[in-house]
>>> print(open('upload34.pdb').read())   # PDB, C-alpha atoms
ATOM      1  CA  THR J  30       0.000   0.000   0.000
ATOM      2  CA  ARG J  31       0.970   3.626  -0.142
ATOM      3  CA  ARG J  32       1.912   3.753   3.554
ATOM      4  CA  GLU J  33       4.254   0.766   3.278
ATOM      5  CA  ALA J  34       5.931   2.238   0.193
ATOM      6  CA  PHE J  35       6.498   5.479   2.083
ATOM      7  CA  VAL J  36       8.758   3.612   4.515
ATOM      8  CA  THR J  37      11.051   2.735   1.621
ATOM      9  CA  LEU J  38      10.965   6.273   0.244
ATOM     10  CA  LEU J  39      12.011   7.756   3.586
ATOM     11  CA  LEU J  40      14.934   5.347   3.796
ATOM     12  CA  LEU J  41      16.052   6.103   0.236
ATOM     13  CA  ALA J  42      15.676   9.830   0.908
ATOM     14  CA  HIS J  43      18.454   9.642   3.519
ATOM     15  CA  PHE J  44      20.950   8.194   1.044
ATOM     16  CA  ALA J  45      19.834  10.571  -1.708
ATOM     17  CA  ALA J  46      20.394  13.483   0.692
ATOM     18  CA  ALA J  47      23.815  12.071   1.603
ATOM     19  CA  ALA J  48      24.732  11.977  -2.106
ATOM     20  CA  ILE J  49      23.887  15.651  -2.681
ATOM     21  CA  ALA J  50      25.178  16.817   0.725
ATOM     22  CA  PRO J  51      28.725  17.667  -0.477
ATOM     23  CA  GLY J  52      27.309  19.933  -3.178
ATOM     24  CA  LEU J  53      24.977  21.592  -0.686
ATOM     25  CA  ALA J  54      27.840  22.163   1.746
ATOM     26  CA  LYS J  55      29.956  23.867  -0.917
ATOM     27  CA  SER J  56      27.145  26.252  -1.828
ATOM     28  CA  LEU J  57      25.292  26.724   1.467
ATOM     29  CA  HIS J  58      28.144  25.990   3.889
ATOM     30  CA  ARG J  59      26.817  25.458   7.441
ATOM     31  CA  ARG J  60      23.236  26.142   6.342
ATOM     32  CA  SER J  61      23.342  22.853   4.433
ATOM     33  CA  PHE J  62      22.827  21.062   7.752
ATOM     34  CA  LEU J  63      19.447  22.744   8.131
ATOM     35  CA  VAL J  64      18.386  21.498   4.688
ATOM     36  CA  LEU J  65      19.627  17.975   5.399
ATOM     37  CA  ALA J  66      17.800  17.955   8.740
ATOM     38  CA  LEU J  67      14.517  18.055   6.821
ATOM     39  CA  VAL J  68      14.910  14.366   5.856
ATOM     40  CA  PRO J  69      15.098  12.864   9.381
ATOM     41  CA  SER J  70      12.551  15.467  10.507
ATOM     42  CA  ALA J  71      10.102  14.236   7.855
ATOM     43  CA  THR J  72      10.771  10.665   8.983
ATOM     44  CA  PHE J  73      10.088  11.601  12.602
ATOM     45  CA  VAL J  74       6.835  13.362  11.718
ATOM     46  CA  TRP J  75       5.680  10.440   9.563
ATOM     47  CA  LEU J  76       6.457   7.955  12.324
ATOM     48  CA  LEU J  77       4.492  10.082  14.781
ATOM     49  CA  ALA J  78       1.576   9.997  12.346
ATOM     50  CA  GLN J  79       1.666   6.183  12.501
ATOM     51  CA  SER J  80       1.382   6.142  16.305
ATOM     52  CA  GLY J  81      -2.245   5.058  16.325
ATOM     53  CA  THR J  82      -1.707   2.296  13.773
ATOM     54  CA  VAL J  83       1.364   0.869  15.514
ATOM     55  CA  THR J  84       0.066   1.085  19.074
ATOM     56  CA  GLU J  85      -3.066  -0.799  18.005
ATOM     57  CA  GLY J  86      -0.852  -3.736  17.059
ATOM     58  CA  HIS J  87      -0.776  -3.275  13.279
ATOM     59  CA  THR J  88       2.485  -3.788  11.377
ATOM     60  CA  LEU J  89       3.539  -2.161   8.110
ATOM     61  CA  VAL J  90       5.593  -4.415   5.821
ATOM     62  CA  GLU J  91       7.293  -3.561   2.524
ATOM     63  CA  GLN J  92       9.085  -6.369   0.684
ATOM     64  CA  ILE J  93      11.687  -5.596  -1.972
ATOM     65  CA  ARG J  94      13.035  -8.672  -3.756
ATOM     66  CA  TRP J  95      16.728  -8.594  -4.619
ATOM     67  CA  VAL J  96      18.632 -11.916  -4.662
ATOM     68  CA  PRO J  97      16.012 -14.592  -3.868
ATOM     69  CA  GLN J  98      18.525 -17.404  -4.498
ATOM     70  CA  LEU J  99      20.444 -16.280  -1.417
ATOM     71  CA  GLY J 100      17.364 -15.407   0.587
ATOM     72  CA  MET J 101      18.470 -11.789   0.282
ATOM     73  CA  ASP J 102      15.805  -9.141   0.201
ATOM     74  CA  PHE J 103      15.237  -5.731   1.710
ATOM     75  CA  SER J 104      12.019  -6.436   3.514
ATOM     76  CA  LEU J 105      11.193  -3.522   5.785
ATOM     77  CA  ARG J 106       8.974  -3.910   8.821
ATOM     78  CA  LEU J 107       7.494  -1.255  11.073
ATOM     79  CA  GLY J 108       6.175  -2.690  14.320
ATOM     80  CA  THR J 109       6.120  -1.208  17.810
ATOM     81  CA  LEU J 110       9.837  -1.757  18.488
ATOM     82  CA  GLN J 111      10.915  -0.425  15.086
ATOM     83  CA  TRP J 112       8.595   2.542  15.498
ATOM     84  CA  LEU J 113      10.097   3.425  18.877
ATOM     85  CA  LEU J 114      13.713   3.116  17.718
ATOM     86  CA  GLY J 115      12.871   4.904  14.478
ATOM     87  CA  LEU J 116      11.584   7.884  16.457
ATOM     88  CA  LEU J 117      14.821   7.926  18.466
ATOM     89  CA  VAL J 118      17.082   7.660  15.412
ATOM     90  CA  SER J 119      15.242  10.226  13.293
ATOM     91  CA  GLY J 120      14.390  12.659  16.102
ATOM     92  CA  VAL J 121      17.865  12.865  17.608
ATOM     93  CA  GLY J 122      19.398  12.780  14.125
ATOM     94  CA  ALA J 123      17.408  15.851  13.079
ATOM     95  CA  LEU J 124      18.401  17.714  16.255
ATOM     96  CA  ALA J 125      22.060  16.782  15.803
ATOM     97  CA  LEU J 126      22.057  18.071  12.219
ATOM     98  CA  VAL J 127      20.493  21.346  13.330
ATOM     99  CA  TYR J 128      23.130  21.646  16.064
ATOM    100  CA  CYS J 129      25.864  21.115  13.449
ATOM    101  CA  ALA J 130      24.761  24.332  11.721
ATOM    102  CA  TRP J 131      26.111  26.290  14.697
ATOM    103  CA  TYR J 132      28.827  23.918  15.891
ATOM    104  CA  PHE J 133      31.198  24.005  12.904
ATOM    105  CA  LYS J 134      33.203  26.992  11.715
ATOM    106  CA  PRO J 135      31.928  28.633   8.521
ATOM    107  CA  ASP J 136      35.253  28.084   6.749
ATOM    108  CA  ASP J 137      35.742  24.451   7.777
ATOM    109  CA  PRO J 138      37.335  22.830   4.672
ATOM    110  CA  SER J 139      36.088  19.325   5.543
ATOM    111  CA  LEU J 140      32.454  20.290   5.919
ATOM    112  CA  TRP J 141      31.468  18.870   2.518
ATOM    113  CA  ARG J 142      32.658  15.398   3.526
ATOM    114  CA  PHE J 143      31.160  15.447   7.008
ATOM    115  CA  THR J 144      27.647  16.371   5.841
ATOM    116  CA  GLY J 145      27.414  13.387   3.500
ATOM    117  CA  VAL J 146      28.814  10.843   5.946
ATOM    118  CA  PHE J 147      26.632  12.022   8.830
ATOM    119  CA  THR J 148      23.458  11.875   6.734
ATOM    120  CA  ALA J 149      24.415   8.474   5.343
ATOM    121  CA  PHE J 150      24.945   7.183   8.882
ATOM    122  CA  ALA J 151      21.437   8.312   9.805
ATOM    123  CA  GLY J 152      20.102   6.402   6.800
ATOM    124  CA  ALA J 153      22.098   3.268   7.658
ATOM    125  CA  MET J 154      20.837   3.354  11.221
ATOM    126  CA  LEU J 155      17.241   3.717  10.048
ATOM    127  CA  GLY J 156      17.741   0.807   7.646
ATOM    128  CA  LEU J 157      19.143  -1.322  10.461
ATOM    129  CA  VAL J 158      16.045  -0.640  12.540
ATOM    130  CA  LEU J 159      13.563  -1.351   9.743
ATOM    131  CA  ALA J 160      15.264  -4.362   8.085
ATOM    132  CA  ASP J 161      13.319  -7.613   8.435
ATOM    133  CA  ASN J 162      15.988  -9.769   6.797
ATOM    134  CA  LEU J 163      19.098 -10.787   8.729
ATOM    135  CA  LEU J 164      21.403 -10.363   5.731
ATOM    136  CA  ALA J 165      20.032  -6.904   4.955
ATOM    137  CA  LEU J 166      20.289  -6.021   8.634
ATOM    138  CA  TYR J 167      23.955  -7.054   8.554
ATOM    139  CA  VAL J 168      24.610  -4.801   5.547
ATOM    140  CA  PHE J 169      23.208  -1.788   7.391
ATOM    141  CA  TRP J 170      25.037  -2.899  10.559
ATOM    142  CA  GLU J 171      28.401  -2.771   8.797
ATOM    143  CA  LEU J 172      27.537   0.506   7.082
ATOM    144  CA  THR J 173      27.100   2.095  10.519
ATOM    145  CA  THR J 174      30.541   0.726  11.445
ATOM    146  CA  ILE J 175      32.177   2.282   8.376
ATOM    147  CA  PHE J 176      30.410   5.620   8.701
ATOM    148  CA  SER J 177      31.127   5.842  12.433
ATOM    149  CA  PHE J 178      34.832   5.240  11.701
ATOM    150  CA  LEU J 179      34.820   8.174   9.283
ATOM    151  CA  LEU J 180      32.928  10.407  11.713
ATOM    152  CA  ILE J 181      35.050   9.626  14.776
ATOM    153  CA  GLY J 182      38.225  10.253  12.768
ATOM    154  CA  TYR J 183      36.739  13.395  11.211
ATOM    155  CA  ASP J 184      39.855  15.458  11.971
ATOM    156  CA  PRO J 185      42.806  13.532  10.470
ATOM    157  CA  GLU J 186      45.285  15.923  12.074
ATOM    158  CA  ARG J 187      44.327  14.780  15.578
ATOM    159  CA  ARG J 188      46.221  11.628  16.485
ATOM    160  CA  SER J 189      43.790  10.816  19.304
ATOM    161  CA  ALA J 190      40.839  10.933  16.885
ATOM    162  CA  ARG J 191      42.574   8.645  14.382
ATOM    163  CA  ALA J 192      43.507   6.147  17.098
ATOM    164  CA  ALA J 193      39.993   6.174  18.573
ATOM    165  CA  ALA J 194      38.421   5.663  15.132
ATOM    166  CA  GLN J 195      40.717   2.711  14.392
ATOM    167  CA  GLN J 196      40.020   1.125  17.757
ATOM    168  CA  ALA J 197      36.244   1.456  17.334
ATOM    169  CA  LEU J 198      36.505   0.037  13.808
ATOM    170  CA  ILE J 199      38.539  -3.000  14.882
ATOM    171  CA  VAL J 200      36.318  -3.888  17.846
ATOM    172  CA  THR J 201      32.980  -3.424  16.095
ATOM    173  CA  THR J 202      34.206  -5.123  12.909
ATOM    174  CA  PHE J 203      35.351  -8.131  14.928
ATOM    175  CA  GLY J 204      31.917  -8.296  16.553
ATOM    176  CA  GLY J 205      30.244  -7.832  13.176
ATOM    177  CA  LEU J 206      32.137 -10.747  11.633
ATOM    178  CA  ALA J 207      31.169 -12.968  14.557
ATOM    179  CA  MET J 208      27.580 -11.851  14.085
ATOM    180  CA  LEU J 209      27.729 -12.654  10.358
ATOM    181  CA  ILE J 210      28.760 -16.241  11.086
ATOM    182  CA  GLY J 211      25.896 -16.488  13.574
ATOM    183  CA  ILE J 212      23.458 -15.102  10.986
ATOM    184  CA  LEU J 213      24.558 -17.626   8.365
ATOM    185  CA  MET J 214      24.186 -20.452  10.878
ATOM    186  CA  ILE J 215      20.702 -19.350  11.923
ATOM    187  CA  GLY J 216      19.641 -18.902   8.308
ATOM    188  CA  SER J 217      20.852 -22.399   7.497
ATOM    189  CA  LEU J 218      19.103 -23.926  10.499
ATOM    190  CA  ALA J 219      15.836 -22.033   9.949
ATOM    191  CA  GLY J 220      15.816 -22.248   6.153
ATOM    192  CA  THR J 221      15.167 -18.510   5.915
ATOM    193  CA  TYR J 222      16.772 -15.191   6.818
ATOM    194  CA  SER J 223      13.466 -13.454   7.472
ATOM    195  CA  VAL J 224      13.404 -12.280  11.081
ATOM    196  CA  SER J 225       9.600 -12.501  11.231
ATOM    197  CA  GLU J 226       9.566 -16.064   9.907
ATOM    198  CA  ILE J 227      12.356 -17.164  12.230
ATOM    199  CA  LEU J 228      10.527 -15.797  15.270
ATOM    200  CA  ALA J 229       7.251 -17.357  14.118
ATOM    201  CA  ALA J 230       8.863 -20.795  13.660
ATOM    202  CA  PRO J 231      12.190 -20.901  15.555
ATOM    203  CA  PRO J 232      14.683 -23.611  14.544
ATOM    204  CA  GLN J 233      14.949 -26.613  16.838
ATOM    205  CA  THR J 234      17.205 -26.116  19.843
ATOM    206  CA  SER J 235      20.643 -27.589  19.254
ATOM    207  CA  GLY J 236      24.309 -27.018  19.942
ATOM    208  CA  ALA J 237      24.714 -25.243  16.601
ATOM    209  CA  LEU J 238      21.864 -22.875  17.437
ATOM    210  CA  SER J 239      23.436 -22.089  20.818
ATOM    211  CA  VAL J 240      26.740 -21.247  19.129
ATOM    212  CA  ALA J 241      24.927 -19.036  16.600
ATOM    213  CA  VAL J 242      23.144 -17.130  19.368
ATOM    214  CA  VAL J 243      26.445 -16.567  21.218
ATOM    215  CA  LEU J 244      28.005 -15.199  18.028
ATOM    216  CA  LEU J 245      25.064 -12.838  17.562
ATOM    217  CA  LEU J 246      25.478 -11.664  21.148
ATOM    218  CA  LEU J 247      29.180 -10.968  20.517
ATOM    219  CA  GLY J 248      28.178  -8.617  17.728
ATOM    220  CA  ALA J 249      25.556  -6.917  19.873
ATOM    221  CA  ILE J 250      27.862  -6.527  22.883
ATOM    222  CA  SER J 251      30.743  -5.098  20.862
ATOM    223  CA  LYS J 252      28.501  -2.576  19.098
ATOM    224  CA  SER J 253      26.863  -1.454  22.339
ATOM    225  CA  ALA J 254      30.248  -1.156  24.106
ATOM    226  CA  LEU J 255      29.262  -3.537  26.888
ATOM    227  CA  PHE J 256      31.851  -5.351  29.031
ATOM    228  CA  PRO J 257      34.356  -6.643  27.966
ATOM    229  CA  PHE J 258      34.189  -4.538  24.780
ATOM    230  CA  HIS J 259      33.469  -1.268  26.581
ATOM    231  CA  PHE J 260      36.965   0.194  26.242
ATOM    232  CA  TRP J 261      36.478   1.686  22.752
ATOM    233  CA  LEU J 262      33.657   4.051  23.707
ATOM    234  CA  PRO J 263      35.488   6.661  25.887
ATOM    235  CA  GLY J 264      38.126   7.203  23.212
ATOM    236  CA  ALA J 265      35.465   7.616  20.554
ATOM    237  CA  MET J 266      34.311  10.753  22.345
ATOM    238  CA  ALA J 267      37.217  12.468  20.564
ATOM    239  CA  ALA J 268      34.724  12.896  17.722
ATOM    240  CA  PRO J 269      32.940  16.247  17.242
ATOM    241  CA  THR J 270      30.235  16.830  19.844
ATOM    242  CA  PRO J 271      27.279  16.264  17.454
ATOM    243  CA  VAL J 272      28.795  12.902  16.482
ATOM    244  CA  SER J 273      29.176  11.832  20.103
ATOM    245  CA  ALA J 274      25.641  12.962  20.881
ATOM    246  CA  TYR J 275      24.127  11.039  17.998
ATOM    247  CA  LEU J 276      26.265   7.950  17.465
ATOM    248  CA  HIS J 277      27.131   7.047  21.012
ATOM    249  CA  SER J 278      24.133   8.082  23.060
ATOM    250  CA  ALA J 279      21.193   7.750  20.698
ATOM    251  CA  ALA J 280      22.039   5.535  17.756
ATOM    252  CA  MET J 281      25.056   3.276  17.321
ATOM    253  CA  VAL J 282      25.303   2.083  20.929
ATOM    254  CA  LYS J 283      21.574   1.297  20.845
ATOM    255  CA  ALA J 284      22.043  -0.987  17.825
ATOM    256  CA  GLY J 285      23.215  -3.949  19.895
ATOM    257  CA  ILE J 286      20.380  -3.523  22.390
ATOM    258  CA  TYR J 287      17.909  -3.298  19.519
ATOM    259  CA  LEU J 288      19.268  -6.496  17.945
ATOM    260  CA  VAL J 289      18.782  -8.461  21.171
ATOM    261  CA  ALA J 290      15.271  -7.056  21.650
ATOM    262  CA  ARG J 291      14.345  -7.720  18.011
ATOM    263  CA  LEU J 292      15.390 -11.361  18.118
ATOM    264  CA  ALA J 293      13.918 -12.082  21.539
ATOM    265  CA  PRO J 294      10.874 -14.415  21.488
ATOM    266  CA  ASP J 295       7.526 -12.688  21.970
TER
END
>>> encode(input="upload34.pdb", output="structure tokens")
Amino acid sequence: TRREAFVTLLLLAHFAAAAIAPGLAKSLHRRSFLVLALVPSATFVWLLAQSGTVTEGHTLVEQIRWVPQLGMDFSLRLGTLQWLLGLLVSGVGALALVYCAWYFKPDDPSLWRFTGVFTAFAGAMLGLVLADNLLALYVFWELTTIFSFLLIGYDPERRSARAAAQQALIVTTFGGLAMLIGILMIGSLAGTYSVSEILAAPPQTSGALSVAVVLLLLGAISKSALFPFHFWLPGAMAAPTPVSAYLHSAAMVKAGIYLVARLAPD
């Protein structure tokens, strides 16, 4: 339906905005952040408009076929949990972009690069929340890792920022690879990568399933900076203040918690 298709359009709008962001930054400078903030703001408003539908227990689903032979599709699902996290990601993302318009210096030479990466991160985080396929979820998961690396190391002249970005990349990539193995194992055991189908008909309990769940938890724990992978988060605060506010308090660190909540049995 039209409402389900709008979910996809909002997600694509983030990446389209990220693509034109460098051009906007070169012409509008800091004001480009205010234009880019319109995309997550529109997402936030649309999600608020769906409050009645979601709280009544209805779910919006949009299925985009891609590589059916691999069980790969970009099925998007908006239920109560996705709605709540979507409001957090889009709402805080819009505020962070507005804050950027006053945070950066008008003559900052790297502004064109930062605008695109920050907007793309917001899109990747929204995709992670909405994805109803484990393989698609993993793609967005790793995109947040790459974009966060670029944002934390925004100032290449600061050694502390470069070191913090590399440390965050190594830890979260290690967790992501462990999670990928767990995803492939679960998909093999369940015969599908659809999160909804897996939760509706969980694979039979076995040693392989237990190993897969542990691997998924490793990915979640490393992304959320929980013990013993907590050490990368303080250093990552070397990033610009809007990055720290968005990535580490409202978005990226919540990804691991969201993954555990999403895969938990009803």
>>> resolve_selection(input="upload34.pdb", expression="the PyMOL selection byres ((chain J and resi 156) around 12)", output="JSON, numbers by chain")
{"J": [36, 37, 38, 39, 40, 41, 42, 43, 44, 103, 104, 105, 106, 107, 111, 114, 115, 118, 119, 149, 150, 151, 152, 153, 154, 155, 157, 158, 159, 160, 161, 162, 163, 164, 165, 166, 167, 168, 169, 170, 171, 172, 173, 280, 284]}
>>> write_last_selection(input="upload34.pdb", atoms="C-alpha atoms", output="compact mmCIF listing (two decimals), keeping the file's coordinate frame")
# COMPACT_ATOMS: atom_id res chain seq x y z
CA VAL J 36 8.76 3.61 4.51
CA THR J 37 11.05 2.74 1.62
CA LEU J 38 10.96 6.27 0.24
CA LEU J 39 12.01 7.76 3.59
CA LEU J 40 14.93 5.35 3.80
CA LEU J 41 16.05 6.10 0.24
CA ALA J 42 15.68 9.83 0.91
CA HIS J 43 18.45 9.64 3.52
CA PHE J 44 20.95 8.19 1.04
CA PHE J 103 15.24 -5.73 1.71
CA SER J 104 12.02 -6.44 3.51
CA LEU J 105 11.19 -3.52 5.78
CA ARG J 106 8.97 -3.91 8.82
CA LEU J 107 7.49 -1.25 11.07
CA GLN J 111 10.92 -0.42 15.09
CA LEU J 114 13.71 3.12 17.72
CA GLY J 115 12.87 4.90 14.48
CA VAL J 118 17.08 7.66 15.41
CA SER J 119 15.24 10.23 13.29
CA ALA J 149 24.42 8.47 5.34
CA PHE J 150 24.94 7.18 8.88
CA ALA J 151 21.44 8.31 9.80
CA GLY J 152 20.10 6.40 6.80
CA ALA J 153 22.10 3.27 7.66
CA MET J 154 20.84 3.35 11.22
CA LEU J 155 17.24 3.72 10.05
CA LEU J 157 19.14 -1.32 10.46
CA VAL J 158 16.05 -0.64 12.54
CA LEU J 159 13.56 -1.35 9.74
CA ALA J 160 15.26 -4.36 8.09
CA ASP J 161 13.32 -7.61 8.44
CA ASN J 162 15.99 -9.77 6.80
CA LEU J 163 19.10 -10.79 8.73
CA LEU J 164 21.40 -10.36 5.73
CA ALA J 165 20.03 -6.90 4.96
CA LEU J 166 20.29 -6.02 8.63
CA TYR J 167 23.96 -7.05 8.55
CA VAL J 168 24.61 -4.80 5.55
CA PHE J 169 23.21 -1.79 7.39
CA TRP J 170 25.04 -2.90 10.56
CA GLU J 171 28.40 -2.77 8.80
CA LEU J 172 27.54 0.51 7.08
CA THR J 173 27.10 2.10 10.52
CA ALA J 280 22.04 5.54 17.76
CA ALA J 284 22.04 -0.99 17.82
>>> closest_residue(input="upload34.pdb", among="J:Val121, J:Ala130, J:Leu77, J:Leu180", to="Thr109 (chain J)", atoms="all atoms listed in the file")
J:Leu77
>>> closest_residue(input="upload34.pdb", among="J:Val68, J:Ala265, J:Leu116, J:Val272", to="Ala192 (chain J)", atoms="only C-alpha atoms")
J:Ala265
>>> residues_around(input="upload34.pdb", residues="Asp184 (chain J)", least_positions_apart="5", cutoff="12 Å", atoms="only C-alpha atoms", output="ChimeraX atom specification")
/J:137-140,142-143,178-179,189-194,267-269
>>> write_last_selection(input="upload34.pdb", atoms="C-alpha atoms", output="PDB file, in the coordinates of the input")
ATOM      1  CA  ASP J 137      35.742  24.451   7.777  1.00  0.00           C
ATOM      2  CA  PRO J 138      37.335  22.830   4.672  1.00  0.00           C
ATOM      3  CA  SER J 139      36.088  19.325   5.543  1.00  0.00           C
ATOM      4  CA  LEU J 140      32.454  20.290   5.919  1.00  0.00           C
ATOM      5  CA  ARG J 142      32.658  15.398   3.526  1.00  0.00           C
ATOM      6  CA  PHE J 143      31.160  15.447   7.008  1.00  0.00           C
ATOM      7  CA  PHE J 178      34.832   5.240  11.701  1.00  0.00           C
ATOM      8  CA  LEU J 179      34.820   8.174   9.283  1.00  0.00           C
ATOM      9  CA  SER J 189      43.790  10.816  19.304  1.00  0.00           C
ATOM     10  CA  ALA J 190      40.839  10.933  16.885  1.00  0.00           C
ATOM     11  CA  ARG J 191      42.574   8.645  14.382  1.00  0.00           C
ATOM     12  CA  ALA J 192      43.507   6.147  17.098  1.00  0.00           C
ATOM     13  CA  ALA J 193      39.993   6.174  18.573  1.00  0.00           C
ATOM     14  CA  ALA J 194      38.421   5.663  15.132  1.00  0.00           C
ATOM     15  CA  ALA J 267      37.217  12.468  20.564  1.00  0.00           C
ATOM     16  CA  ALA J 268      34.724  12.896  17.722  1.00  0.00           C
ATOM     17  CA  PRO J 269      32.940  16.247  17.242  1.00  0.00           C
TER      18      PRO J 269
END
>>> resolve_selection(input="upload34.pdb", expression="the PyMOL selection byres ((chain J and resi 289) around 12)", output="list of chain:residue names")
J:Leu110, J:Val158, J:Met208, J:Val242, J:Val243, J:Leu244, J:Leu245, J:Leu246, J:Leu247, J:Gly248, J:Ala249, J:Ile250, J:Lys252, J:Ser253, J:Lys283, J:Ala284, J:Gly285, J:Ile286, J:Tyr287, J:Leu288, J:Ala290, J:Arg291, J:Leu292, J:Ala293, J:Pro294
>>> write_last_selection(input="upload34.pdb", atoms="C-alpha atoms", output="mmCIF file, in the coordinates of the input")
data_model
loop_
_atom_site.group_PDB
_atom_site.id
_atom_site.type_symbol
_atom_site.label_atom_id
_atom_site.label_comp_id
_atom_site.auth_asym_id
_atom_site.auth_seq_id
_atom_site.Cartn_x
_atom_site.Cartn_y
_atom_site.Cartn_z
ATOM 1 C CA LEU J 110 9.837 -1.757 18.488
ATOM 2 C CA VAL J 158 16.045 -0.640 12.540
ATOM 3 C CA MET J 208 27.580 -11.851 14.085
ATOM 4 C CA VAL J 242 23.144 -17.130 19.368
ATOM 5 C CA VAL J 243 26.445 -16.567 21.218
ATOM 6 C CA LEU J 244 28.005 -15.199 18.028
ATOM 7 C CA LEU J 245 25.064 -12.838 17.562
ATOM 8 C CA LEU J 246 25.478 -11.664 21.148
ATOM 9 C CA LEU J 247 29.180 -10.968 20.517
ATOM 10 C CA GLY J 248 28.178 -8.617 17.728
ATOM 11 C CA ALA J 249 25.556 -6.917 19.873
ATOM 12 C CA ILE J 250 27.862 -6.527 22.883
ATOM 13 C CA LYS J 252 28.501 -2.576 19.098
ATOM 14 C CA SER J 253 26.863 -1.454 22.339
ATOM 15 C CA LYS J 283 21.574 1.297 20.845
ATOM 16 C CA ALA J 284 22.043 -0.987 17.825
ATOM 17 C CA GLY J 285 23.215 -3.949 19.895
ATOM 18 C CA ILE J 286 20.380 -3.523 22.390
ATOM 19 C CA TYR J 287 17.909 -3.298 19.519
ATOM 20 C CA LEU J 288 19.268 -6.496 17.945
ATOM 21 C CA ALA J 290 15.271 -7.056 21.650
ATOM 22 C CA ARG J 291 14.345 -7.720 18.011
ATOM 23 C CA LEU J 292 15.390 -11.361 18.118
ATOM 24 C CA ALA J 293 13.918 -12.082 21.539
ATOM 25 C CA PRO J 294 10.874 -14.415 21.488
#
>>> closest_residue(input="upload34.pdb", among="J:Ile212, J:Leu262, J:Val90, J:Ala45", to="Leu198 (chain J)", atoms="only C-alpha atoms")
J:Leu262
>>> closest_residue(input="upload34.pdb", among="J:Thr144, J:Phe35, J:Leu117, J:Trp131", to="Ser61 (chain J)", atoms="only C-alpha atoms")
J:Thr144
>>> resolve_selection(input="upload34.pdb", expression="the PyMOL selection byres ((chain J and resi 135) around 8)", output="list in words")
His58, Arg59, Phe133, Lys134, Asp136 and Asp137 of chain J
>>> residues_around(input="upload34.pdb", residues="Ser273 (chain J)", least_positions_apart="6", cutoff="12 Å", atoms="only C-alpha atoms", output="ChimeraX atom specification")
/J:121-122,125,129,147,177,180-183,262-267,279-282
>>> closest_residue(input="upload34.pdb", among="J:Leu57, J:Arg188, J:Thr201, J:Asp102", to="Val224 (chain J)", atoms="only C-alpha atoms")
J:Asp102
>>> closest_residue(input="upload34.pdb", among="J:Thr72, J:Thr148, J:Thr84, J:Gln196", to="Ser251 (chain J)", atoms="all atoms listed in the file")
J:Gln196
>>> atom_distance(input="upload34.pdb", atom1="CA of Phe260 (chain J)", atom2="CA of Glu186 (chain J)")
22.7 Å
>>> atom_distance(input="upload34.pdb", atom1="CA of Tyr275 (chain J)", atom2="CA of Leu63 (chain J)")
16.0 Å
